[in-house]
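Each remark here refers to the structure printed beneath this line.
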Amino acid sequence: MPGAAAPEEALPPAPRPGRRREPRSTLRTAARLALPAVLLAVLSGCGAVPDGEREGDESQGFVSAAGRGLVVDGEPTRLRAVNFTNRYDAETRITDLLSSAHPSARDYAQVEDMGFNSVRFVLRGEWLAQDEEAFWTWLDRNVAWAREAGVRLVLDLHVPVGGRWLDPGSAATTFEMWSDPAVRARTVEFWREVASRYHDEPSVAAYDLLNEPVTTDSDGEQWRSLAQELVDTIRAVDDNHLLVVGGVYGVEGRFDPEGQERHFLVDDENVMYDFHFYEPYPYTHQYAPWVDPARDGGTYPDPDRLVATAPPEVSEADVVATSSLPEGTSGWTRYDSGVVTVEDPSAVAALPQFVVEGGMDGTARVDGVTVTEYGPDGTVLREVLDDPMDRSSTGSWYGWGDDDGADPSVRLEREPSGRQDDGSLSVGGSVRSGAGWNNSQHLFRVVPGNRYRVQGYMRGDDVVLTDGDRSRVRLELEVYTEVPGAPGGGFLARDKDYLEHAMSRHLRFGAEHGVPMSVMEFGAVRQTFEMPGKGGDRWVGDVLGLLAEHDLSFGYWEYHDPDMGIFVDEGGAPDEPNEALLDVLRRELHEESP
């Protein structure tokens with residue numbers, strides 16, 4: 001689902017934030033239109049057709065891995081897919097899907113017309129158990145429609161029985177499949193039955209074994225073990241189909257920003273290794289109702305918004321900081337660093353931070369931060385930052401405490417009130433070696449010789465500085481120098497070069513092992529296409545360009561959805577397109593189609 005992409009890089013002194021893709025709401029429902037009874041009766045007999053009885057292109061072969069790419073009958077190919085999500089997140093039952101107006105034969109024809117050649121088809125493991133006859137009737141029908149349209153299906157087990165980690169705020173969240181062998185066996189049996197049914201069906205391109213696995217162990221071995229068991233189970237009944245295996249997206253029951261780095265090999269040669277790509281996440285998911293409907297994530301491209309490509313190196317020569325919050329209790333007071341020249345000739349970037357240095361007891365709060373850039377002569381060049389730190393903006397700040405964020409005596413709170421609005425940030429409890437807040441979205445480029453100023457409001461409640469002169473509570477700009485050998489000198493702007501860098505972290509796995517890789521999810525919210533200057537079409541065009549350059553199969557998220565869909569109508573028919581998105585997809589896909 002949208003959002004488990006590796007995040008934009010966070011910066012020391014805070015550890016990398018545990019940013020993850022948030023779940024979409026399970027409350028949204030779609031209209032359900034019944035198919036005519038006669039049509040249902042006809043379709044109920046639709047199934048996997050033996051090779052000799054297929055209509056259409058009888059020469060269609062199976063998709064297979066070959067080196068770092070894919071082939072069909074020896075000829076190179078790529079899966080250019082769009083995701084059919086089948087309302088998996090709306091507590092939909094299989095009988096609802098059987099009578100739904102989406103997907104339909106019309107949708108598959110539309111997919112082919114747009115330039116896609118495949119559909120990543122979302123499944124829930126429980127649908128088979130709810131009504132086996134209805135499940136196979138529904139799935140057989142979609143296989144037949146895909147075959148008729150000349151489109152292939154990637155069958156994707158998106159939500160396994162006993163494994164629901166995409167919605168951690170839901171009462172339905174469970175990791176039972178990792179602890180109960182009987183529940184795990186149901187996922188194994190699910191794939192055995194699917195592979196047995198479709199083993200001779202080339203219109204099924206691949207089996208995507210499990211979407212974004214999050215384990216409860218500390219190293220992801222639960223998924224590695226299950227993945228190999230699924231491979232062995234499928235191969236016992238099906239030697240034909242390509243398998244899609246994703247890495248470990250999280251451990252210890254939570255999404256992990258390093259999760260997608262945990263790619264691993266399974267013992268099989270016909271496998272494509274997958275990762276999902278929503279970089280930069282604050283951009284692709286801005287205003288998303290399942291994240292924060294008020295959060296602005298900026299534009300694309302944006303030369304002024306930087307992302308770290310390596311652990312940054314702090315300039316010791318430049319200190320741009322306010323005076324310290326005093327001890328005791330104080331009201332909201334504006335603090336000002338003054339105008340300070342950046343002297344270090346190797347300085348390239350800076351980040352505003354709220355920092356407790358040394359020890360502190362009590363609570364310190366911050367609100368309303370601004371950063372201004374001046375020329376050498378004192379002329380105002382630009383307002384780099386004006387963050388009100390209200391409820392909508394404090395969510396993009398990340399806290400750290402006593403170096404590793406693990407000290408339970410340090411309290412880091414997004415407060416429900418501020419100086420003049422509904423938000424602020426605080427550091428409280430007993431800090432012993434440092435704590436604070438930073439926001440990687442506020443990383444900006446600096447020019448040696450220019451002058452900079454940080455201002456903001458702070459207040460204290462029963463503050464005690466426990467480490468003498470070493471203790472300070474202040475706002476500062478942490479200035480960073482160029483990192484030799486790192487992409488972009490350690491910092492890249494939000495543009496195609498950054499996307500290339502973010503993608504390359506995964507592609508190293510494919511290069512090292514000589515195996516094909518894919519991106520079976522990428523996409524952005526509709527606001528990036530509809531709001532002036534957001535640049536969603538540029539982002540999609542650049543991602544598609546990189547996918548083509550690296551010969552990667554892919555799946556756009558998603559076909560039909562009011563938030564991220566190519567078609568946004570909830571009624572089922574593709575009659576309300578996201579025009580800007582549809583235009584760029586058609587242009588790019590038809591340019592690369594044979």
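Starting from 1 in every chain, residues are counted up; chains themselves are A, B, ... following the order of the structure tokens, and ligands are numbered from 1 as listed.
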Next item on the list: Would you list, as a ChimeraX atom specification, the residues of region 89-255 of chain A that end up in helix (DSSP H, G or I) under DSSP run on this structure's backbone?
Entry: /A:94-98,105-114,125-130,132-149,176-179,181-198,221-235
Item checked: Contact residues around Tyr556 (chain A) with only C-alpha atoms at 9 Å, ignoring same-chain residues under 4 positions, as a PyMOL selection string -> chain A and resi 80-83+120+519-523
Using C-alpha atoms, can you write the selected residues to a file as a compact mmCIF listing (two decimals), in the first residue's frame?
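After the write, selection.txt holds the following:
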# COMPACT_ATOMS: atom_id res chain seq x y z
CA ARG A 80 4.31 -2.34 -16.94
CA ALA A 81 1.52 -2.75 -14.41
CA VAL A 82 -1.12 -0.75 -12.59
CA ASN A 83 -2.49 -1.87 -9.22
CA ARG A 120 -0.94 -6.13 -10.09
CA VAL A 519 9.01 -1.52 -8.23
CA MET A 520 5.53 -2.94 -7.86
CA GLU A 521 4.27 0.20 -6.12
CA PHE A 522 4.92 3.86 -6.83
CA GLY A 523 2.54 6.80 -6.96
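Remark: for Ser471 (chain A), the closest of the candidate residues A:Arg432, A:Arg391, A:Arg419, A:Arg78 is A:Arg432 (distances computed over only C-alpha atoms).
The closest residue to Phe554 (chain A), picked from A:Thr341, A:Thr77, A:Ser518, A:Thr85 and counting only C-alpha atoms, is A:Ser518.
Restricting the calculation to only C-alpha atoms, the smallest distance between Val356 (chain A) and any of A:His550, A:Arg224, A:Arg538, A:Arg470 is found for A:Arg470.
Candidate residues A:Val463, A:Val410, A:Ala435, A:Leu475 were compared for distance to Ser337 (chain A), and the nearest is A:Leu475, using only C-alpha atoms.
Computed from the coordinates, the CA of Pro352 (chain A) to CA of Ala288 (chain A) distance equals 25.7 Å.
For the set A:Glu91, A:Asp219, A:Asp238, A:Glu189, the residue with the smallest atom-to-atom gap to His263 (chain A) is A:Asp219, counting only C-alpha atoms.
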Exercise: Leu128 (chain A) partners within 8 Å, only C-alpha atoms, chain neighbours under 5 positions left out, as a PDB file with C-alpha atoms, in the first residue's frame:
ATOM      1  CA  ILE A  94     -15.501 -11.760  -1.534  1.00  0.00           C
ATOM      2  CA  PHE A 135     -13.397 -16.581  -4.737  1.00  0.00           C
ATOM      3  CA  TRP A 136     -12.490 -18.831  -7.642  1.00  0.00           C
ATOM      4  CA  PHE A 190      -3.291 -20.299  -0.112  1.00  0.00           C
TER       5      PHE A 190
END
Next item on the list: Could you give me, as an MDAnalysis selection string, each residue of region 315-526 of chain A that DSSP assigns to strand (DSSP E or B) when run on this structure's backbone?
Entry: chainID A and resid 320:321 328:336 340:341 347:357 360:374 380:387 398:401 410:415 424:431 435:438 444:445 451:465 472:481 491:494 517:522
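Residues with any atom within 7 Å of Leu589 (chain A), counting only C-alpha atoms and excluding same-chain neighbours fewer than 3 positions away, are Gly115, Phe116, Leu585, Arg586, Glu592 and Ser593 of chain A.
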Next item on the list: Write out as a PyMOL selection string which residues come within 6 Å of Gly162 (chain A) when counting only C-alpha atoms, dropping same-chain ones fewer than 6 positions away.
Entry: chain A and resi 174+176-177
For region 272-287 of chain A, please output as a compact mmCIF listing (two decimals) with C-alpha atoms, in the first residue's frame all residues within 6 Å (counting only C-alpha atoms; exclusion window: fewer than 3 positions along the same chain).
# COMPACT_ATOMS: atom_id res chain seq x y z
CA ALA A 5 9.22 3.74 1.06
CA GLU A 8 14.14 11.23 3.19
CA VAL A 244 8.08 -11.72 -6.79
CA VAL A 245 9.84 -11.46 -3.42
CA GLY A 246 10.11 -8.24 -1.43
CA ASP A 292 -2.27 14.18 7.77
CA PRO A 293 -4.86 15.93 5.59
CA ALA A 294 -3.42 19.38 6.40
CA ARG A 295 0.27 18.69 5.75
CA ASP A 296 1.88 20.44 2.78
CA GLY A 297 4.79 18.48 1.34
CA PRO A 516 15.96 -8.75 -11.85
CA MET A 517 14.33 -6.15 -9.62
CA SER A 518 10.99 -4.37 -9.76
CA VAL A 519 9.01 -1.52 -8.23
CA GLU A 521 4.27 0.20 -6.12
CA PHE A 522 4.92 3.86 -6.83
CA ALA A 524 1.50 10.17 -5.51
CA VAL A 525 -1.65 11.74 -4.10
